[in-house]
>>> print(open('input_5.cif').read())   # mmCIF, C-alpha atoms
data_run
loop_
_atom_site.label_atom_id
_atom_site.label_comp_id
_atom_site.auth_asym_id
_atom_site.auth_seq_id
_atom_site.Cartn_x
_atom_site.Cartn_y
_atom_site.Cartn_z
CA MET A 19 0.00 0.00 0.00
CA PRO A 20 1.58 3.31 -1.03
CA SER A 21 2.07 5.86 1.69
CA LEU A 22 2.84 9.53 2.14
CA LYS A 23 5.22 10.73 4.85
CA PHE A 24 3.78 13.97 6.20
CA GLU A 25 5.45 15.77 9.10
CA GLY A 26 6.50 12.60 10.82
CA GLN A 27 3.33 10.61 10.11
CA GLU A 28 3.09 7.76 7.63
CA LEU A 29 -0.31 8.11 5.88
CA GLU A 30 -1.69 5.41 3.61
CA VAL A 31 -2.69 6.56 0.18
CA GLU A 32 -5.78 5.43 -1.74
CA GLY A 33 -5.71 5.07 -5.49
CA GLY A 34 -4.95 8.18 -7.52
CA GLU A 35 -6.09 10.68 -4.93
CA SER A 36 -4.41 14.08 -4.59
CA VAL A 37 -2.06 14.84 -1.70
CA LEU A 38 -4.73 17.24 -0.45
CA ASP A 39 -7.35 14.49 -0.39
CA THR A 40 -5.00 12.11 1.42
CA LEU A 41 -4.23 14.67 4.09
CA LEU A 42 -7.84 15.75 4.57
CA ARG A 43 -8.96 12.12 4.73
CA HIS A 44 -6.48 11.54 7.56
CA GLY A 45 -7.82 14.54 9.45
CA VAL A 46 -4.90 16.88 8.73
CA SER A 47 -6.10 20.46 8.88
CA LEU A 48 -4.74 22.01 5.71
CA ASP A 49 -5.69 25.30 4.12
CA HIS A 50 -7.15 24.87 0.66
CA GLY A 51 -9.46 26.74 -1.68
CA CYS A 52 -10.01 26.19 -5.35
CA ARG A 53 -8.87 22.57 -5.72
CA ALA A 54 -7.66 23.54 -9.18
CA GLY A 55 -4.07 24.67 -8.73
CA SER A 56 -5.00 28.32 -8.90
CA CYS A 57 -5.26 29.89 -5.44
CA GLN A 58 -2.06 28.35 -4.01
CA SER A 59 -3.59 27.99 -0.55
CA CYS A 60 -2.54 24.33 -0.36
CA LEU A 61 1.15 25.01 -0.96
CA LEU A 62 3.34 22.32 0.60
CA ARG A 63 6.98 21.45 0.40
CA SER A 64 8.78 18.28 -0.55
CA GLU A 65 12.42 17.32 -0.26
CA ASN A 66 12.00 15.11 -3.32
CA GLU A 67 11.47 15.86 -6.99
CA VAL A 68 7.83 16.59 -7.76
CA PRO A 69 6.12 16.58 -11.18
CA PRO A 70 6.37 20.01 -12.87
CA ALA A 71 2.57 20.26 -13.20
CA THR A 72 2.34 20.47 -9.43
CA ARG A 73 4.45 23.65 -9.45
CA GLN A 74 2.53 25.52 -12.13
CA GLY A 75 2.20 29.23 -11.39
CA LEU A 76 4.60 29.16 -8.45
CA ASP A 77 7.35 31.77 -8.18
CA ASP A 78 10.87 30.60 -9.02
CA SER A 79 11.95 31.08 -5.43
CA VAL A 80 9.04 28.96 -4.18
CA VAL A 81 9.96 26.22 -6.66
CA GLU A 82 13.58 26.41 -5.57
CA ALA A 83 12.41 26.03 -1.99
CA GLY A 84 10.66 22.77 -2.92
CA GLY A 85 7.09 24.08 -3.09
CA PHE A 86 4.26 22.22 -4.80
CA LEU A 87 0.45 22.33 -4.82
CA ALA A 88 -1.28 19.61 -2.80
CA CYS A 89 -4.50 19.69 -4.81
CA VAL A 90 -2.66 19.03 -8.07
CA ALA A 91 -0.09 16.49 -6.89
CA LYS A 92 -1.10 12.84 -6.71
CA ALA A 93 -0.14 11.31 -3.39
CA LYS A 94 1.42 8.28 -5.09
CA ASP A 95 3.87 10.60 -6.91
CA VAL A 96 4.96 12.53 -3.81
CA THR A 97 6.48 10.36 -1.10
CA GLN A 98 7.28 13.05 1.48
CA ALA A 99 5.87 16.45 2.31
CA THR A 100 5.67 19.09 5.01
CA ARG A 101 3.81 22.34 5.26
CA PHE A 102 5.51 25.11 3.33
CA SER A 103 7.39 27.69 5.32
CA PRO A 104 9.27 30.78 4.19
CA ASP A 105 12.20 29.30 6.16
CA PHE A 106 12.85 27.15 3.13
CA PHE A 107 13.72 30.16 0.99
CA PRO A 108 17.43 30.72 0.40
CA LYS A 109 19.21 32.98 2.90
CA TYR A 110 22.05 35.33 2.00
CA PRO A 111 24.56 37.05 4.29
CA ALA A 112 24.06 40.83 4.22
CA ALA A 113 26.57 43.38 5.51
CA LEU A 114 25.28 46.78 6.60
CA VAL A 115 27.15 49.31 4.46
CA GLU A 116 25.27 52.50 5.21
CA LYS A 117 22.52 53.83 7.40
CA LYS A 118 20.97 57.28 7.53
CA LEU A 119 17.75 58.83 8.65
CA LEU A 120 15.40 59.82 5.81
CA ALA A 121 12.92 61.20 8.36
CA PRO A 122 12.84 61.22 12.19
CA ASP A 123 11.32 57.75 12.13
CA VAL A 124 12.45 56.32 8.79
CA LEU A 125 15.90 54.81 8.47
CA LEU A 126 17.58 53.99 5.20
CA ALA A 127 19.47 50.74 5.78
CA ARG A 128 21.71 49.76 2.90
CA PHE A 129 23.11 46.25 2.65
CA ASP A 130 25.61 44.40 0.53
CA ALA A 131 24.10 40.94 0.06
CA PRO A 132 26.06 39.17 -2.70
CA GLY A 133 23.91 36.73 -4.59
CA PHE A 134 20.58 38.16 -3.45
CA PRO A 135 18.68 38.80 -6.69
CA ARG A 136 17.91 42.30 -7.88
CA CYS A 137 14.19 42.64 -7.15
CA PRO A 138 12.98 46.24 -6.85
CA GLY A 139 9.59 46.37 -5.10
CA ARG A 140 9.51 42.80 -3.75
CA PHE A 141 10.20 42.13 -0.12
CA LEU A 142 12.67 40.19 1.96
CA GLN A 143 12.97 38.94 5.51
CA LEU A 144 15.81 40.73 7.30
CA GLU A 145 17.42 38.81 10.10
CA SER A 146 19.71 40.32 12.70
CA ALA A 147 22.64 38.49 14.25
CA SER A 148 20.50 38.00 17.37
CA GLY A 149 17.76 36.30 15.35
CA VAL A 150 15.14 39.08 15.06
CA ARG A 151 13.31 38.73 11.74
CA ARG A 152 11.21 41.37 10.02
CA PRO A 153 9.95 41.84 6.46
CA TYR A 154 10.96 44.93 4.46
CA SER A 155 10.47 45.95 0.85
CA VAL A 156 13.43 46.44 -1.44
CA ALA A 157 13.67 50.17 -2.10
CA THR A 158 16.79 50.22 -4.28
CA SER A 159 16.30 52.54 -7.22
CA GLY A 160 15.82 50.73 -10.51
CA LEU A 161 17.87 53.52 -12.05
CA SER A 162 20.86 52.80 -9.86
CA GLU A 163 23.67 50.60 -11.14
CA SER A 164 24.55 49.44 -7.65
CA ASN A 165 23.98 45.91 -6.43
CA LEU A 166 23.23 47.06 -2.93
CA THR A 167 19.90 46.40 -1.24
CA ASP A 168 18.18 49.46 0.21
CA LEU A 169 15.46 49.23 2.84
CA HIS A 170 13.32 52.01 4.31
CA VAL A 171 12.76 50.99 7.91
CA ARG A 172 9.98 52.57 9.96
CA LEU A 173 11.57 53.01 13.39
CA ILE A 174 9.18 51.78 16.05
CA PRO A 175 9.83 52.81 19.67
CA GLY A 176 10.74 49.62 21.51
CA GLY A 177 10.79 47.66 18.28
CA ALA A 178 13.30 44.83 18.27
CA MET A 179 14.57 45.34 14.72
CA SER A 180 14.37 49.12 15.04
CA GLN A 181 16.66 48.85 18.07
CA ALA A 182 18.98 46.39 16.35
CA LEU A 183 19.40 48.72 13.40
CA MET A 184 19.82 51.82 15.51
CA ASP A 185 22.56 50.01 17.45
CA ALA A 186 24.20 48.46 14.39
CA GLN A 187 27.53 49.67 13.01
CA VAL A 188 28.56 49.70 9.39
CA GLY A 189 30.06 46.29 8.68
CA ASP A 190 27.71 44.37 10.97
CA GLN A 191 26.42 41.12 9.53
CA PHE A 192 22.73 40.48 8.94
CA ALA A 193 21.01 37.99 6.65
CA VAL A 194 18.29 38.43 4.04
CA GLN A 195 15.86 35.82 2.81
CA GLY A 196 13.53 35.90 -0.18
CA PRO A 197 12.49 37.51 -2.40
CA PHE A 198 8.76 37.43 -1.64
CA GLY A 199 5.72 39.23 -2.96
CA LYS A 200 4.43 40.28 -6.32
CA CYS A 201 5.23 43.98 -6.44
CA SER A 202 7.61 44.21 -9.35
CA TYR A 203 7.55 46.03 -12.65
CA ARG A 204 6.31 43.77 -15.47
CA PRO A 205 7.70 44.91 -18.81
CA GLY A 206 5.70 44.53 -21.99
CA ARG A 207 3.15 47.32 -21.78
CA GLU A 208 5.34 50.38 -21.89
CA ASP A 209 2.66 52.89 -22.89
CA GLU A 210 0.05 51.97 -20.32
CA LEU A 211 -0.75 53.83 -17.09
CA LEU A 212 1.18 52.66 -14.04
CA LEU A 213 -0.71 53.75 -10.96
CA LEU A 214 1.19 53.67 -7.68
CA VAL A 215 -0.75 54.32 -4.47
CA GLY A 216 0.84 54.22 -1.06
CA SER A 217 1.34 55.56 2.41
CA GLY A 218 4.22 55.73 4.85
CA THR A 219 7.10 53.41 4.07
CA GLY A 220 4.85 51.87 1.42
CA LEU A 221 6.71 54.46 -0.62
CA ALA A 222 9.80 52.22 -0.63
CA PRO A 223 8.55 49.48 -2.99
CA LEU A 224 6.59 51.99 -5.08
CA TYR A 225 9.71 54.10 -5.62
CA ALA A 226 11.61 50.97 -6.61
CA VAL A 227 8.90 49.89 -9.08
CA ALA A 228 8.61 53.40 -10.54
CA THR A 229 12.36 53.75 -11.07
CA ASP A 230 12.52 50.24 -12.51
CA ALA A 231 9.79 51.17 -15.00
CA LEU A 232 11.58 54.38 -15.98
CA HIS A 233 14.86 52.50 -16.33
CA ASP A 234 13.08 50.08 -18.64
CA GLY A 235 11.93 52.97 -20.82
CA HIS A 236 8.30 53.03 -19.77
CA THR A 237 6.60 55.79 -21.78
CA GLY A 238 3.10 55.75 -20.29
CA PRO A 239 2.34 57.76 -17.16
CA VAL A 240 3.99 56.47 -13.97
CA HIS A 241 1.88 58.29 -11.43
CA LEU A 242 2.64 58.03 -7.74
CA PHE A 243 0.00 59.06 -5.22
CA PHE A 244 1.85 59.21 -1.89
CA GLY A 245 -0.15 59.95 1.23
CA SER A 246 0.24 60.45 4.93
CA SER A 247 -1.63 61.87 7.88
CA CYS A 248 0.21 65.21 7.78
CA PRO A 249 2.98 66.88 5.72
CA ASP A 250 5.72 66.03 8.26
CA ARG A 251 5.11 62.31 7.71
CA LEU A 252 5.82 62.51 3.99
CA TYR A 253 9.49 61.77 3.32
CA PHE A 254 11.96 61.33 0.45
CA LEU A 255 10.34 64.34 -1.22
CA ASP A 256 13.55 65.75 -2.73
CA GLU A 257 14.24 62.44 -4.47
CA LEU A 258 10.66 62.21 -5.74
CA ARG A 259 10.55 65.79 -7.03
CA ASP A 260 13.91 65.21 -8.68
CA LEU A 261 12.53 62.12 -10.42
CA ALA A 262 9.55 64.12 -11.70
CA ALA A 263 11.89 66.80 -13.02
CA ARG A 264 14.10 64.32 -14.87
CA PHE A 265 11.50 61.95 -16.31
CA SER A 266 8.36 63.28 -18.00
CA PRO A 267 6.32 60.06 -17.56
CA PHE A 268 6.75 60.27 -13.77
CA LYS A 269 4.06 62.26 -11.99
CA LEU A 270 3.79 62.91 -8.30
CA THR A 271 0.76 63.73 -6.20
CA LEU A 272 1.33 64.21 -2.49
CA CYS A 273 -1.69 63.82 -0.22
CA VAL A 274 -2.38 64.44 3.45
CA ASP A 275 -5.38 63.94 5.70
CA ALA A 276 -4.97 67.44 7.14
CA ASP A 277 -3.00 70.69 6.77
CA PRO A 278 -2.17 70.62 3.08
CA VAL A 279 0.64 73.03 2.13
CA ASN A 280 2.19 74.03 -1.19
CA GLU A 281 1.46 71.43 -3.84
CA ILE A 282 0.26 68.85 -1.31
CA VAL A 283 -3.47 68.11 -1.62
CA GLN A 284 -5.94 67.07 1.02
CA GLY A 285 -7.53 63.65 0.88
CA SER A 286 -6.55 60.03 0.57
CA PRO A 287 -4.15 58.92 -2.16
CA ILE A 288 -6.67 56.39 -3.46
CA ALA A 289 -9.43 59.00 -3.71
CA HIS A 290 -7.13 61.30 -5.68
CA ALA A 291 -5.91 58.45 -7.86
CA LEU A 292 -9.46 57.50 -8.86
CA SER A 293 -10.60 61.05 -9.46
CA THR A 294 -7.59 61.54 -11.75
CA TYR A 295 -8.05 58.19 -13.49
CA PRO A 296 -11.67 57.05 -13.14
CA GLU A 297 -11.28 54.21 -15.63
CA LEU A 298 -8.46 51.77 -15.17
CA ASP A 299 -9.13 49.13 -17.83
CA GLU A 300 -5.69 49.55 -19.34
CA ALA A 301 -3.70 50.18 -16.19
CA THR A 302 -1.42 48.33 -13.85
CA VAL A 303 -1.80 49.24 -10.21
CA TYR A 304 0.60 48.89 -7.29
CA SER A 305 -0.42 49.66 -3.75
CA CYS A 306 1.72 49.35 -0.62
CA GLY A 307 1.56 50.58 2.93
CA HIS A 308 -1.20 50.66 5.50
CA PRO A 309 -3.46 47.59 5.15
CA ASP A 310 -6.68 49.67 5.07
CA LEU A 311 -5.36 51.81 2.24
CA VAL A 312 -4.03 48.85 0.31
CA LYS A 313 -7.22 46.81 0.59
CA ALA A 314 -9.32 49.81 -0.42
CA ALA A 315 -7.00 50.52 -3.34
CA GLN A 316 -7.20 46.95 -4.58
CA ARG A 317 -10.97 46.83 -4.37
CA GLN A 318 -11.66 50.28 -5.77
CA CYS A 319 -9.19 49.99 -8.62
CA PHE A 320 -10.68 46.62 -9.52
CA LEU A 321 -14.18 48.11 -9.53
CA ALA A 322 -12.85 50.96 -11.69
CA GLY A 323 -11.93 48.39 -14.32
CA ALA A 324 -8.40 47.26 -13.54
CA SER A 325 -7.85 43.54 -13.98
CA LEU A 326 -7.21 41.78 -10.69
CA LYS A 327 -4.18 40.16 -12.29
CA ARG A 328 -2.73 43.64 -12.89
CA ILE A 329 -3.21 44.90 -9.31
CA PHE A 330 -0.18 44.13 -7.15
CA VAL A 331 -0.42 44.87 -3.46
CA ASP A 332 1.66 44.64 -0.32
CA ALA A 333 0.03 45.45 3.00
CA PHE A 334 2.47 46.50 5.71
CA VAL A 335 1.44 44.93 8.98
CA PRO A 336 3.64 45.79 11.96
CA ALA A 337 5.00 42.93 14.06
CA SER A 338 3.05 42.69 17.30
CA GLY A 339 4.29 42.04 20.77
CA GLN A 340 7.92 42.67 20.04
CA MET B 17 -19.28 17.20 -31.14
CA SER B 18 -17.27 19.46 -28.86
CA SER B 19 -18.02 19.90 -25.17
CA LEU B 20 -19.74 22.95 -23.66
CA TYR B 21 -16.38 24.05 -22.29
CA GLU B 22 -14.77 23.87 -25.72
CA ARG B 23 -17.69 25.66 -27.37
CA LEU B 24 -17.42 28.48 -24.83
CA GLY B 25 -13.69 28.88 -25.47
CA GLY B 26 -12.09 26.91 -22.65
CA GLU B 27 -9.74 28.46 -20.13
CA ALA B 28 -9.36 31.70 -22.09
CA ALA B 29 -13.11 32.26 -21.84
CA VAL B 30 -13.03 31.60 -18.10
CA ASP B 31 -10.19 34.09 -17.64
CA ALA B 32 -12.06 36.74 -19.62
CA ALA B 33 -15.21 36.13 -17.57
CA VAL B 34 -13.72 36.04 -14.06
CA ASP B 35 -12.95 39.76 -13.66
CA LYS B 36 -16.28 40.80 -15.19
CA PHE B 37 -18.26 38.32 -13.11
CA TYR B 38 -16.47 39.18 -9.86
CA ARG B 39 -16.94 42.90 -10.50
CA ARG B 40 -20.68 42.40 -11.00
CA VAL B 41 -20.94 40.37 -7.83
CA LEU B 42 -19.16 43.06 -5.77
CA LYS B 43 -21.54 45.68 -7.12
CA ASP B 44 -24.67 43.61 -6.49
CA ASP B 45 -26.21 44.74 -3.19
CA ARG B 46 -28.04 41.45 -2.79
CA ILE B 47 -24.83 39.45 -2.39
CA ALA B 48 -21.86 41.84 -2.14
CA HIS B 49 -21.73 41.54 1.65
CA TYR B 50 -20.82 37.86 1.37
CA PHE B 51 -17.66 38.87 -0.46
CA ASP B 52 -16.57 41.78 1.73
CA GLY B 53 -13.33 41.41 3.63
CA VAL B 54 -12.38 38.31 1.72
CA ASP B 55 -8.88 38.19 0.27
CA MET B 56 -9.53 39.24 -3.31
CA ASP B 57 -6.86 37.13 -4.97
CA ARG B 58 -8.09 34.04 -3.19
CA GLN B 59 -11.71 34.86 -4.00
CA ALA B 60 -10.83 35.36 -7.67
CA ALA B 61 -9.18 31.94 -7.72
CA LYS B 62 -12.39 30.44 -6.34
CA GLN B 63 -14.46 32.36 -8.90
CA LYS B 64 -12.23 30.95 -11.60
CA ALA B 65 -12.74 27.45 -10.26
CA PHE B 66 -16.52 28.01 -10.06
CA LEU B 67 -16.70 29.38 -13.58
CA THR B 68 -14.59 26.52 -14.89
CA MET B 69 -17.06 24.10 -13.38
CA ALA B 70 -20.11 26.05 -14.61
CA PHE B 71 -18.62 26.14 -18.11
CA GLY B 72 -18.45 22.35 -18.03
CA GLY B 73 -14.70 22.38 -17.59
CA PRO B 74 -12.40 20.16 -15.55
CA ASN B 75 -12.96 20.42 -11.82
CA ASN B 76 -12.53 18.33 -8.71
CA TYR B 77 -15.44 19.64 -6.70
CA THR B 78 -17.70 17.30 -4.85
CA ASP B 79 -21.10 18.24 -3.46
CA ARG B 80 -19.49 18.03 -0.03
CA ASP B 81 -16.85 20.61 -1.05
CA MET B 82 -19.56 23.01 -2.21
CA GLN B 83 -21.53 22.45 0.97
CA LEU B 84 -18.57 23.00 3.28
CA ALA B 85 -17.37 26.05 1.36
CA HIS B 86 -20.68 27.84 1.89
CA ALA B 87 -21.60 26.51 5.33
CA HIS B 88 -20.41 29.62 7.20
CA LEU B 89 -22.45 32.10 5.14
CA ASN B 90 -25.27 33.30 7.36
CA GLY B 91 -28.73 33.62 5.91
CA LEU B 92 -27.78 32.28 2.49
CA ASP B 93 -30.91 31.37 0.54
CA ASP B 94 -32.32 30.82 -2.95
CA THR B 95 -32.45 34.56 -3.69
CA HIS B 96 -28.68 34.79 -3.25
CA PHE B 97 -28.07 31.75 -5.40
CA ASP B 98 -30.40 33.19 -8.05
CA ALA B 99 -28.49 36.49 -7.92
CA VAL B 100 -25.20 34.73 -8.59
CA VAL B 101 -26.62 32.79 -11.55
CA GLU B 102 -28.17 36.00 -12.87
CA ASN B 103 -24.82 37.79 -12.71
CA LEU B 104 -23.22 34.87 -14.49
CA GLY B 105 -25.79 35.12 -17.27
CA THR B 106 -25.34 38.86 -17.64
CA THR B 107 -21.57 38.46 -17.77
CA LEU B 108 -21.82 35.88 -20.54
CA LYS B 109 -24.33 38.00 -22.46
CA GLU B 110 -21.97 40.97 -22.21
CA MET B 111 -19.25 38.74 -23.64
CA GLY B 112 -21.45 37.91 -26.62
CA VAL B 113 -22.12 34.29 -25.69
CA ALA B 114 -25.17 32.76 -27.41
CA ASP B 115 -28.37 32.35 -25.35
CA GLU B 116 -28.50 28.59 -25.61
CA LEU B 117 -24.94 28.27 -24.31
CA ILE B 118 -25.84 30.59 -21.44
CA GLY B 119 -28.74 28.27 -20.71
CA GLU B 120 -26.41 25.26 -20.59
CA VAL B 121 -24.08 27.08 -18.18
CA ALA B 122 -27.01 28.03 -15.94
CA ALA B 123 -28.09 24.39 -15.91
CA VAL B 124 -24.66 23.26 -14.73
CA ALA B 125 -24.59 25.95 -12.04
CA GLU B 126 -28.09 24.86 -10.98
CA THR B 127 -26.79 21.40 -10.08
CA THR B 128 -24.92 22.95 -7.14
CA ARG B 129 -27.90 24.75 -5.61
CA ASP B 130 -28.76 22.16 -2.97
CA ALA B 131 -25.16 21.66 -1.85
CA VAL B 132 -24.48 25.41 -1.65
CA LEU B 133 -27.66 25.99 0.35
CA GLN B 134 -26.85 23.17 2.77
CA ARG B 135 -29.76 21.04 1.63
CA ILE B 136 -27.89 17.81 0.84
#
>>> encode(input="input_5.cif", output="structure tokens")
Amino acid sequence: MPSLKFEGQELEVEGGESVLDTLLRHGVSLDHGCRAGSCQSCLLRSENEVPPATRQGLDDSVVEAGGFLACVAKAKDVTQATRFSPDFFPKYPAALVEKKLLAPDVLLARFDAPGFPRCPGRFLQLESASGVRRPYSVATSGLSESNLTDLHVRLIPGGAMSQALMDAQVGDQFAVQGPFGKCSYRPGREDELLLLVGSGTGLAPLYAVATDALHDGHTGPVHLFFGSSCPDRLYFLDELRDLAARFSPFKLTLCVDADPVNEIVQGSPIAHALSTYPELDEATVYSCGHPDLVKAAQRQCFLAGASLKRIFVDAFVPASGQ
Amino acid sequence: MSSLYERLGGEAAVDAAVDKFYRRVLKDDRIAHYFDGVDMDRQAAKQKAFLTMAFGGPNNYTDRDMQLAHAHLNGLDDTHFDAVVENLGTTLKEMGVADELIGEVAAVAETTRDAVLQRI
């Protein structure tokens, strides 16, 4: 009788059933959704070779980490599996080469992480020597030739990684793992509208995506709507205004909830984005930052006609209890 | 004689329909609240799976799956099911699909009514 080794248990397999069916039949509580290889909820990991069909649609890094879809894989083809964990992604040593404050509570942390792929806009897990792990988006400018990895770190009072970075000296060793996430510039539609909507350090991946697009020769509008509660919380403005001056496709709208000054407008970045571009059928949208903003942006841009497959989001959720 | 799925245009037709169908559902006051707060990418994947099934395409759903998937939806009744099928029909009409094919799709969707409404 064929069997499937799952997290220490030996489970007997019936006929041609899927790995998902085997596990559910044995009472394993496993997330799943579409049963069609589409939603990726049932992602597992195997140490052994798995049929390519079971990895369809998975990111390269997930494939490299041994990922496969339980609803697609037949249990008799997969002899061993465990739940998937981001721990399986490759880790790279990263030396801190520069740090400077971009705002009173935003730190630029620049790392040299040889081998870590260039991935403007996607995110990584940063790990300190003492084992603190936090996710940050890659903010390195797509227009820069450097191979360094820039992060914009929101400094949180009492935050473990905030403290670690504030204490760190240039030369200190960290590690980075990833890349994760879907926020990256997709070439191939250079004259379409790229709509970028974000708040706080959500700016970091949006800046990276925008500069990557401009580096790639994107000719359509690359319009960033960057918002915050008040003008003091907007940061990196010199760099953004400089980008707008140098590249005609790049447009910048700064938004605040209260006390607008100069060219800064009042209101949420998503509200301004939609009043500027009410129809988004031929647009690609990126939204990063506060979860409420990001969820609203995804939903409203979808309802305004953007294809869900062309809306890439990253909600920044602070670590709790640390 | 090709299958319903083939006559509709297979996976490409499903992909074209998913966004339109999901948008209609989110704008339909009768049922939109069932989709609020749900992860949109995951929901879209389920819509795609549902449409694939309704188009007569390959799927691994059992009645039990359909029942379990909808068990937590409070107050779900025939009017909600009807609203979903209606939105499906309107989506297909908007895409230029012939009436008799729309009828066949509705018939396939209809076979899930009892499971979805916890009546099996």
>>> closest_atom_pairs(input="input_5.cif", of="chain B", to="chain A", cutoff="9 Å", atoms="all atoms listed in the file", output="CSV")
residue,atom,partner,partner_atom,distance
B:Asp35,CA,A:Ser325,CA,6.4
B:Lys36,CA,A:Gly323,CA,8.8
B:Arg39,CA,A:Leu321,CA,6.0
B:Arg40,CA,A:Leu321,CA,8.8
B:Leu42,CA,A:Leu321,CA,8.0
B:Lys43,CA,A:Leu321,CA,8.1
B:Gly53,CA,A:Lys313,CA,8.7
B:Asp55,CA,A:Lys313,CA,8.8
B:Met56,CA,A:Arg317,CA,7.8
B:Asp57,CA,A:Leu326,CA,7.4
B:Arg58,CA,A:Cys57,CA,5.5
B:Gln59,CA,A:Cys57,CA,8.3
B:Ala60,CA,A:Leu326,CA,8.0
B:Ala61,CA,A:Cys57,CA,5.0
B:Lys62,CA,A:Cys52,CA,5.0
B:Gln63,CA,A:Cys52,CA,8.4
B:Lys64,CA,A:Ser56,CA,8.2
B:Ala65,CA,A:Cys52,CA,5.8
B:Phe66,CA,A:Cys52,CA,8.2
B:Pro74,CA,A:Ala54,CA,8.6
B:Asn75,CA,A:Ala54,CA,6.7
B:Asn76,CA,A:Arg53,CA,6.3
B:Tyr77,CA,A:Arg53,CA,7.3
B:Ala85,CA,A:Gly51,CA,8.5
>>> resolve_selection(input="input_5.cif", expression="the PyMOL selection byres ((chain A and resi 134) around 9)", output="list in words")
Pro108, Lys109, Tyr110, Pro111, Ala112, Asp130, Ala131, Pro132, Gly133, Pro135, Arg136, Cys137, Asn165, Thr167, Val194, Gln195, Gly196 and Pro197 of chain A
>>> atom_distance(input="input_5.cif", atom1="atom CA of Ser217 of chain A", atom2="atom CA of Gly245 of chain A")
4.8 Å
>>> atom_distance(input="input_5.cif", atom1="atom CA of Ala262 of chain A", atom2="atom CA of Leu242 of chain A")
10.0 Å
>>> residues_around(input="input_5.cif", residues="Gly216 of chain A", least_positions_apart="5", cutoff="6 Å", atoms="only C-alpha atoms", output="MDAnalysis selection string")
chainID A and resid 221 244 305:307
>>> residues_around(input="input_5.cif", residues="Leu20 of chain B", least_positions_apart="4", cutoff="12 Å", atoms="all atoms listed in the file", output="PyMOL selection string")
chain B and resi 24-27+29+68-74+113-114+116-124
>>> resolve_selection(input="input_5.cif", expression="the PyMOL selection byres ((chain A and resi 28-32) around 12)", output="mmCIF file with C-alpha atoms, in the frame of the given file")
data_model
loop_
_atom_site.group_PDB
_atom_site.id
_atom_site.type_symbol
_atom_site.label_atom_id
_atom_site.label_comp_id
_atom_site.auth_asym_id
_atom_site.auth_seq_id
_atom_site.Cartn_x
_atom_site.Cartn_y
_atom_site.Cartn_z
ATOM 1 C CA MET A 19 0.000 0.000 0.000
ATOM 2 C CA PRO A 20 1.580 3.310 -1.030
ATOM 3 C CA SER A 21 2.070 5.860 1.690
ATOM 4 C CA LEU A 22 2.840 9.530 2.140
ATOM 5 C CA LYS A 23 5.220 10.730 4.850
ATOM 6 C CA PHE A 24 3.780 13.970 6.200
ATOM 7 C CA GLU A 25 5.450 15.770 9.100
ATOM 8 C CA GLY A 26 6.500 12.600 10.820
ATOM 9 C CA GLN A 27 3.330 10.610 10.110
ATOM 10 C CA GLY A 33 -5.710 5.070 -5.490
ATOM 11 C CA GLY A 34 -4.950 8.180 -7.520
ATOM 12 C CA GLU A 35 -6.090 10.680 -4.930
ATOM 13 C CA SER A 36 -4.410 14.080 -4.590
ATOM 14 C CA VAL A 37 -2.060 14.840 -1.700
ATOM 15 C CA LEU A 38 -4.730 17.240 -0.450
ATOM 16 C CA ASP A 39 -7.350 14.490 -0.390
ATOM 17 C CA THR A 40 -5.000 12.110 1.420
ATOM 18 C CA LEU A 41 -4.230 14.670 4.090
ATOM 19 C CA LEU A 42 -7.840 15.750 4.570
ATOM 20 C CA ARG A 43 -8.960 12.120 4.730
ATOM 21 C CA HIS A 44 -6.480 11.540 7.560
ATOM 22 C CA GLY A 45 -7.820 14.540 9.450
ATOM 23 C CA VAL A 46 -4.900 16.880 8.730
ATOM 24 C CA LYS A 92 -1.100 12.840 -6.710
ATOM 25 C CA ALA A 93 -0.140 11.310 -3.390
ATOM 26 C CA LYS A 94 1.420 8.280 -5.090
ATOM 27 C CA ASP A 95 3.870 10.600 -6.910
ATOM 28 C CA VAL A 96 4.960 12.530 -3.810
ATOM 29 C CA THR A 97 6.480 10.360 -1.100
ATOM 30 C CA GLN A 98 7.280 13.050 1.480
ATOM 31 C CA ALA A 99 5.870 16.450 2.310
ATOM 32 C CA THR A 100 5.670 19.090 5.010
#
>>> resolve_selection(input="input_5.cif", expression="the PyMOL selection byres ((chain B and resi 83) around 12)", output="list in words")
Tyr77, Thr78, Asp79, Arg80, Asp81, Met82, Leu84, Ala85, His86, Ala87, His88, Leu89, Leu92, Thr128, Arg129, Asp130, Ala131, Val132, Leu133, Gln134, Arg135 and Ile136 of chain B
>>> residues_around(input="input_5.cif", residues="Ala301 of chain A", least_positions_apart="6", cutoff="8 Å", atoms="all atoms listed in the file", output="list in words")
Glu210, Leu211, Leu212, Leu213, Ala324 and Arg328 of chain A
>>> write_last_selection(input="input_5.cif", atoms="C-alpha atoms", output="compact mmCIF listing (two decimals), in the coordinates of the input")
# COMPACT_ATOMS: atom_id res chain seq x y z
CA GLU A 210 0.05 51.97 -20.32
CA LEU A 211 -0.75 53.83 -17.09
CA LEU A 212 1.18 52.66 -14.04
CA LEU A 213 -0.71 53.75 -10.96
CA ALA A 324 -8.40 47.26 -13.54
CA ARG A 328 -2.73 43.64 -12.89
>>> axis_aligned_box(input="input_5.cif", around="segment 171-182 of chain A", padding_each_side="4 Å", output="JSON")
{"center_x": 14.1, "center_y": 48.9, "center_z": 14.7, "size_x": 17.8, "size_y": 16.2, "size_z": 21.6}
>>> closest_residue(input="input_5.cif", among="A:Leu232, A:Leu214, A:Val240, A:Val335", to="Arg172 of chain A", atoms="only C-alpha atoms")
A:Val335
>>> residues_around(input="input_5.cif", residues="Val150 of chain A", least_positions_apart="6", cutoff="10 Å", atoms="only C-alpha atoms", output="compact mmCIF listing (two decimals) with C-alpha atoms, keeping the file's coordinate frame")
# COMPACT_ATOMS: atom_id res chain seq x y z
CA GLN A 143 12.97 38.94 5.51
CA LEU A 144 15.81 40.73 7.30
CA ALA A 178 13.30 44.83 18.27
CA MET A 179 14.57 45.34 14.72
CA ALA A 182 18.98 46.39 16.35
CA PHE A 192 22.73 40.48 8.94
CA GLN A 340 7.92 42.67 20.04
